[in-house]
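Scroll down for the structure; my scribbles are underneath it.
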Amino acid sequence: MRPPERLWLPALLRDVADAFGEDVALTLARGWGGQYVRLPSEADPDHPIARQLGVKVLRFLIERHDKLERIVVPKGPRDDARLRRRMVAEMTAAGRTVNEIAAATGLHVRTVHAVKAKLRDDRQRELFNDRRAG
């Protein structure tokens, strides 16, 4: 299972992060995010991505996209409140600390506490509603 803190990355960048690390994925996004990138049929060491990130990364992109001529590289991490709330919930359930959650999500520790409190309130409300219905 993929670490919950990687959910904030778009699919292509998550796959690159899983294979080569988050630094490589974020460098790809910073350098080519939001742009069309032409992919050669074979990994060429002179391709700009190969020069900056390595031939293995370029080969990975070529194979992942089944030899498409061009791809669009995502701009980078998504900033979605629902996604971050889900990340806080999953990381809390996995036993992660508030500091670990804040570091992984980019949220302030106070925001993590607020999200956790809201999650508790929602769960208690669901319990209360289930008891009233039964």
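Residue numbers start at 1 in each chain; chains themselves are named A, B, ... in the order of the structure tokens; ligands are numbered from 1 in the order shown.
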Exercise. Check segment 17-86 of chain A with DSSP on the backbone and list each residue it calls strand (DSSP E), as number ranges by chain.
Key: A: 36-38, 70-72
Self-check item: Atom-to-atom span, atom CA of Tyr36 of chain A and atom CA of Val72 of chain A, Å
Solution: 4.5 Å
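The shell of residues at most 8 Å from segment 55-70 of chain A, with only C-alpha atoms counted and near chain neighbours (fewer than 5 positions) removed, consists of A:Val16, A:Phe20, A:Tyr36, A:Val37, A:Arg38, A:Leu39, A:Pro40, A:Ser41, A:Glu42, A:Ala43, A:Asp44, A:Pro45, A:Ile49, A:Ala50.
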Exercise. Would you mind listing what lies within 9 Å of segment 87-90 of chain A as a PyMOL selection string, with only C-alpha atoms counted and same-chain residues fewer than 3 positions away left out?
Key: chain A and resi 4-8+82-84+93-96+98+101-102+105+112+115-116+119
Residue selection dump (C-alpha atoms) as an mmCIF file, in the first residue's frame:
```
data_model
loop_
_atom_site.group_PDB
_atom_site.id
_atom_site.type_symbol
_atom_site.label_atom_id
_atom_site.label_comp_id
_atom_site.auth_asym_id
_atom_site.auth_seq_id
_atom_site.Cartn_x
_atom_site.Cartn_y
_atom_site.Cartn_z
ATOM 1 C CA PRO A 4 -0.930 8.130 2.745
ATOM 2 C CA GLU A 5 1.270 11.207 2.570
ATOM 3 C CA ARG A 6 1.781 10.594 -1.165
ATOM 4 C CA LEU A 7 -1.931 10.970 -1.890
ATOM 5 C CA TRP A 8 -1.387 14.708 -2.338
ATOM 6 C CA ARG A 82 -10.981 17.047 1.369
ATOM 7 C CA LEU A 83 -7.842 15.187 0.362
ATOM 8 C CA ARG A 84 -5.855 16.697 3.237
ATOM 9 C CA ALA A 93 -5.420 5.782 12.077
ATOM 10 C CA ALA A 94 -1.902 4.598 11.179
ATOM 11 C CA GLY A 95 -0.636 5.994 14.496
ATOM 12 C CA ARG A 96 1.312 8.946 13.082
ATOM 13 C CA VAL A 98 0.659 15.394 14.836
ATOM 14 C CA ILE A 101 1.145 14.559 9.839
ATOM 15 C CA ALA A 102 1.945 18.278 9.661
ATOM 16 C CA THR A 105 0.717 17.319 4.540
ATOM 17 C CA VAL A 112 -4.000 19.110 12.108
ATOM 18 C CA VAL A 115 -9.074 18.523 11.521
ATOM 19 C CA LYS A 116 -8.683 15.707 14.047
ATOM 20 C CA LEU A 119 -13.196 14.103 12.521
#
```
